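Notes to accompany the following structure.
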Amino acid sequence: MLYLVTGTAGFIGFHTAQHLLQKGHEVVGIDSFVPYYDVKLKERRHDILAQHQGFTPYVIDLADVGAVTDVFSKGSPQRIIHLAAQAGVRYSLEFPETYISSNIVGTFNLLEQVRKRKIEHFLFASTSSAYGASTDYPFRETIPADTPLTIYSATKRGGEHMCHSYANLWGQPCTAFRFFSVYGPWGRPDMALFKFTDNILKGLPIDVYNYGNMVRDFTYVEDIVKAVVALSDAIPQAGKAVGPFDSISPVAPYRLVNIGNATPVQLNTFIAEIERATGRKAIKNLMPMQPGDVEMNSADTTLLQALTGFKPSVPVSQGIDEFVRWFRDYYNV
Ligand SMILES: NC(=O)c1ccc[n+]([C@@H]2O[C@H](COP(=O)([O-])OP(=O)(O)OC[C@H]3O[C@@H](n4cnc5c(N)ncnc54)[C@H](O)[C@@H]3O)[C@@H](O)[C@H]2O)c1
């Protein structure tokens, strides 16, 4: 099958494309190598994907309508997994315009191409932060998500709404998934696990927000990929629910699905696992909560399991071991 995956030089896009290529699928990959973090890491990921014959990369900005049109003029994929985005909470306070350009304009440009062709399934990466200020744990897809706390979550919620409108107007089947705190090898340098491991190995202090009183549903990247690929076979049909917990739209072939580990972990436990895996003690710099952040996220994955029979299960102890092994090897430390 021919998949178009966006964000293939990114953390999750790289793993997703690699998984599909290893299964014998063809992948057209789009990424603009945004210099939000180390571009060398992105190049290395694409180099690995380029070892597969079935990989065709395009280094283009999704906000460039002409470039996006060009890619589609060369052929239509059967399925699209749209992972490219400007992510990050802190960065969104300083550079909000990049979120509009990548997450709103980029997603719109893709959807416009899709509607002209109508493909089998459009899958869109959203985030647990779409639940905003909600404290109705564990988050179920059917609870209201109308209190975004950052421009990042607002643009992701906007992306979900754009997908619903295209599903409604053009009958384009679309699944939006909300990822919960993804981590693993080849991970993002701006995220906690990467920063903590790096500083702990260098003997430098780590910034621990909200004095460590945070809880996250850390989800291993391999589980995320398995769930995404399984969901690509679960093509939504308007109003056809798999249970009372289904988020399926009554009017459009669109649904929202959480992808999380459903096992929330205290930040201090997470740090203790990194200490164990590295064999070093962390020097903790206890800090107040960052603006736009939340104390807890926690996924209800009943819908994911009903649709795919799959439940993420890698415990943080195992996932952190895998990450630390990769980190030491990659950076030779
Ligand atoms: N990592 C997580 O914990 C997490 C949690 C929730 C949601 N998500 C979502 O999952 C997706 C993948 O996240 P990730 O962690 O792999 O992030 P990432 O930053 O590693 O990957 C995103 C990729 O998209 C590319 N990109 C950004 N804007 C682009 C544009 N305009 N045109 C083309 N390419 C562009 C970047 O260069 C990058 O390589 C994102 O949509 C993100 O919002 C991630």
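Ordering of the structure tokens sets the chain letters (A, B, ...); residue numbers start at 1 within each chain; ligands are numbered from 1 in the order shown.
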Assign secondary structure with DSSP using the backbone only, and return the residues of segment 24-270 of chain A in helix (DSSP H, G or I) as a count of residues only. 102
Ligand 1: which residues are within 7 Å, counting only C-alpha atoms and all ligand atoms? Reply as a PyMOL selection string. chain A and resi 6-13+30-35+42+60-63+83-87+101-102+106+125-128+178-183+188
Take the residues from that selection and write them out as a compact mmCIF listing (two decimals), in the first residue's frame, keeping N, CA, C and O atoms.
# COMPACT_ATOMS: atom_id res chain seq x y z
N THR A 6 3.56 12.51 6.87
CA THR A 6 4.20 13.81 7.03
C THR A 6 4.96 13.82 8.36
O THR A 6 4.59 13.12 9.31
N GLY A 7 6.05 14.60 8.38
CA GLY A 7 6.86 14.66 9.60
C GLY A 7 7.79 13.47 9.74
O GLY A 7 8.13 13.05 10.85
N THR A 8 8.25 12.90 8.60
CA THR A 8 9.07 11.67 8.64
C THR A 8 10.48 11.90 9.20
O THR A 8 11.15 10.94 9.55
N ALA A 9 10.93 13.16 9.25
CA ALA A 9 12.24 13.42 9.88
C ALA A 9 12.05 13.66 11.38
O ALA A 9 13.03 13.82 12.11
N GLY A 10 10.82 13.68 11.82
CA GLY A 10 10.51 13.89 13.24
C GLY A 10 10.51 12.56 13.99
O GLY A 10 10.63 11.48 13.39
N PHE A 11 10.35 12.65 15.28
CA PHE A 11 10.42 11.50 16.18
C PHE A 11 9.40 10.41 15.81
O PHE A 11 9.76 9.28 15.43
N ILE A 12 8.11 10.74 15.87
CA ILE A 12 7.08 9.71 15.67
C ILE A 12 6.95 9.35 14.19
O ILE A 12 6.74 8.19 13.82
N GLY A 13 7.10 10.37 13.31
CA GLY A 13 7.00 10.12 11.87
C GLY A 13 8.08 9.17 11.39
O GLY A 13 7.83 8.30 10.55
N ILE A 30 7.11 13.48 3.88
CA ILE A 30 7.25 14.94 3.77
C ILE A 30 7.79 15.48 5.08
O ILE A 30 7.31 15.12 6.16
N ASP A 31 8.80 16.34 4.98
CA ASP A 31 9.29 17.06 6.16
C ASP A 31 10.05 18.28 5.69
O ASP A 31 10.70 18.24 4.64
N SER A 32 9.99 19.36 6.44
CA SER A 32 10.72 20.58 6.05
C SER A 32 11.96 20.80 6.93
O SER A 32 12.59 21.84 6.84
N PHE A 33 12.28 19.83 7.79
CA PHE A 33 13.47 19.94 8.65
C PHE A 33 13.48 21.26 9.43
O PHE A 33 14.47 21.98 9.44
N VAL A 34 12.37 21.56 10.07
CA VAL A 34 12.25 22.78 10.88
C VAL A 34 13.38 22.79 11.92
O VAL A 34 13.55 21.80 12.64
N PRO A 35 14.14 23.89 12.05
CA PRO A 35 15.27 23.88 12.99
C PRO A 35 14.85 24.15 14.44
O PRO A 35 15.58 24.77 15.19
N LYS A 42 17.39 14.97 12.68
CA LYS A 42 16.36 14.76 11.64
C LYS A 42 16.99 14.17 10.38
O LYS A 42 16.42 13.27 9.75
N ILE A 60 9.80 19.62 1.88
CA ILE A 60 8.97 20.79 1.55
C ILE A 60 8.22 21.25 2.80
O ILE A 60 8.00 20.48 3.73
N ASP A 61 7.81 22.51 2.76
CA ASP A 61 7.01 23.08 3.85
C ASP A 61 5.53 22.90 3.50
O ASP A 61 5.10 23.31 2.41
N LEU A 62 4.78 22.29 4.39
CA LEU A 62 3.35 22.06 4.13
C LEU A 62 2.57 23.36 3.98
O LEU A 62 1.47 23.37 3.42
N ALA A 63 3.14 24.45 4.48
CA ALA A 63 2.46 25.74 4.33
C ALA A 63 2.63 26.31 2.92
O ALA A 63 1.99 27.30 2.56
N LEU A 83 1.56 13.68 10.58
CA LEU A 83 2.22 13.86 11.89
C LEU A 83 3.02 15.16 11.96
O LEU A 83 3.40 15.59 13.06
N ALA A 84 3.31 15.77 10.81
CA ALA A 84 4.13 16.99 10.83
C ALA A 84 3.40 18.08 11.60
O ALA A 84 2.19 18.27 11.43
N ALA A 85 4.12 18.77 12.45
CA ALA A 85 3.52 19.87 13.20
C ALA A 85 4.61 20.62 13.93
O ALA A 85 5.71 20.09 14.14
N GLN A 86 4.29 21.82 14.32
CA GLN A 86 5.13 22.49 15.31
C GLN A 86 4.59 22.07 16.68
O GLN A 86 3.43 22.32 17.00
N ALA A 87 5.44 21.37 17.43
CA ALA A 87 5.04 20.90 18.76
C ALA A 87 5.74 21.73 19.83
O ALA A 87 6.53 22.63 19.52
N SER A 101 1.20 28.57 11.07
CA SER A 101 1.69 28.21 9.75
C SER A 101 1.74 26.69 9.55
O SER A 101 1.17 26.16 8.59
N SER A 102 2.39 25.96 10.47
CA SER A 102 2.52 24.50 10.27
C SER A 102 1.23 23.76 10.57
O SER A 102 0.80 22.90 9.81
N GLY A 106 -0.67 24.36 7.17
CA GLY A 106 -0.14 23.10 6.63
C GLY A 106 -1.22 22.03 6.56
O GLY A 106 -1.35 21.33 5.56
N ALA A 125 -2.59 13.57 13.61
CA ALA A 125 -2.04 13.51 14.97
C ALA A 125 -2.45 14.73 15.78
O ALA A 125 -2.07 15.85 15.47
N SER A 126 -3.24 14.48 16.82
CA SER A 126 -3.57 15.54 17.77
C SER A 126 -2.88 15.18 19.10
O SER A 126 -1.97 14.37 19.13
N THR A 127 -3.32 15.81 20.16
CA THR A 127 -2.57 15.70 21.41
C THR A 127 -3.49 15.62 22.63
O THR A 127 -4.60 16.16 22.62
N SER A 128 -2.98 15.01 23.69
CA SER A 128 -3.73 14.97 24.95
C SER A 128 -3.94 16.39 25.48
O SER A 128 -4.88 16.62 26.24
N ARG A 178 -5.28 11.35 19.68
CA ARG A 178 -4.65 12.20 20.70
C ARG A 178 -3.56 11.39 21.39
O ARG A 178 -3.85 10.43 22.11
N PHE A 179 -2.32 11.78 21.14
CA PHE A 179 -1.18 11.09 21.75
C PHE A 179 -0.95 11.60 23.16
O PHE A 179 -1.10 12.80 23.43
N PHE A 180 -0.48 10.68 24.01
CA PHE A 180 -0.15 11.04 25.40
C PHE A 180 1.35 10.87 25.62
O PHE A 180 1.87 9.75 25.54
N SER A 181 2.06 11.95 25.90
CA SER A 181 3.48 11.98 26.33
C SER A 181 4.32 10.84 25.75
O SER A 181 4.67 9.90 26.45
N VAL A 182 4.65 10.98 24.49
CA VAL A 182 5.36 9.91 23.78
C VAL A 182 6.87 10.00 24.07
O VAL A 182 7.43 11.09 24.12
N TYR A 183 7.50 8.85 24.26
CA TYR A 183 8.93 8.83 24.53
C TYR A 183 9.54 7.56 23.92
O TYR A 183 8.82 6.60 23.62
N ARG A 188 12.72 13.37 21.04
CA ARG A 188 12.91 14.81 20.83
C ARG A 188 13.78 15.44 21.91
O ARG A 188 13.51 15.28 23.10
So that I can check the secondary structure, give me every residue of segment 245-287 of chain A assigned strand (DSSP E) by backbone DSSP, as a PDB file with C-alpha atoms, in the first residue's frame.
ATOM      1  CA  TYR A 254     -14.804  11.007  11.613  1.00  0.00           C
ATOM      2  CA  ARG A 255     -13.723   9.920  15.066  1.00  0.00           C
ATOM      3  CA  LEU A 256     -11.234  10.859  17.765  1.00  0.00           C
ATOM      4  CA  VAL A 257      -9.122   8.184  19.463  1.00  0.00           C
ATOM      5  CA  ASN A 258      -6.816   8.420  22.485  1.00  0.00           C
ATOM      6  CA  ILE A 259      -3.475   6.649  22.226  1.00  0.00           C
ATOM      7  CA  VAL A 265       3.234   7.739  36.305  1.00  0.00           C
ATOM      8  CA  GLN A 266       4.469  10.338  38.825  1.00  0.00           C
ATOM      9  CA  ILE A 283      20.455  16.895  40.871  1.00  0.00           C
ATOM     10  CA  LYS A 284      16.933  18.318  40.997  1.00  0.00           C
ATOM     11  CA  ASN A 285      16.235  22.002  40.471  1.00  0.00           C
ATOM     12  CA  LEU A 286      12.643  22.253  41.757  1.00  0.00           C
TER      13      LEU A 286
END
Determine, counting only C-alpha atoms, which protein, DNA and RNA residues have an atom within 12 Å of an atom of Ala154 of chain A; residues of the same chain fewer than 2 positions away are not included. Present the result as a PyMOL selection string. chain A and resi 87+89+92+96+99-100+103-104+126-132+145-152+156-161+292
Residues near segment 51-53 of chain A, cut-off 9 Å, only C-alpha atoms, skip fewer than 6 positions along chain, as JSON, numbers by chain: {"A": [18, 21, 22, 26]}
Just want the 7 Å neighbourhood of Ala238 of chain A, counted on only C-alpha atoms, with same-chain residues fewer than 5 positions away dropped. Output as a compact mmCIF listing (two decimals) with N, CA, C and O atoms, in the first residue's frame.
# COMPACT_ATOMS: atom_id res chain seq x y z
N ILE A 248 -17.47 8.60 17.51
CA ILE A 248 -17.83 8.73 16.09
C ILE A 248 -18.82 9.88 15.88
O ILE A 248 -19.75 10.06 16.67
N SER A 249 -18.60 10.64 14.82
CA SER A 249 -19.50 11.75 14.53
C SER A 249 -20.84 11.20 14.04
O SER A 249 -20.88 10.23 13.29
N PRO A 250 -21.94 11.83 14.44
CA PRO A 250 -23.24 11.36 13.93
C PRO A 250 -23.45 11.72 12.46
O PRO A 250 -24.29 11.12 11.79
N VAL A 251 -22.67 12.69 11.95
CA VAL A 251 -22.94 13.17 10.59
C VAL A 251 -21.80 12.93 9.60
O VAL A 251 -21.96 13.15 8.40
N ALA A 252 -20.63 12.52 10.09
CA ALA A 252 -19.46 12.43 9.19
C ALA A 252 -18.61 11.22 9.54
O ALA A 252 -18.59 10.77 10.69
N PRO A 253 -17.85 10.69 8.55
CA PRO A 253 -16.96 9.56 8.83
C PRO A 253 -15.71 10.05 9.56
O PRO A 253 -14.62 10.15 8.99
N TYR A 254 -15.87 10.38 10.82
CA TYR A 254 -14.80 11.01 11.61
C TYR A 254 -14.90 10.52 13.05
O TYR A 254 -15.98 10.46 13.62
Kindly give the distance, in Å, that separates atom CA of Lys116 of chain A and atom CA of Asn168 of chain A, rounded to a single decimal.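 So the answer is 14.3 Å.
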Pick out the residues sitting within 8 Å of segment 314-324 of chain A, and hand them over as a ChimeraX atom specification; count only C-alpha atoms, and ignore anything fewer than 5 positions along from it in its own chain. /A:183-187,197,218-220,223,261,270,273-274,277-278
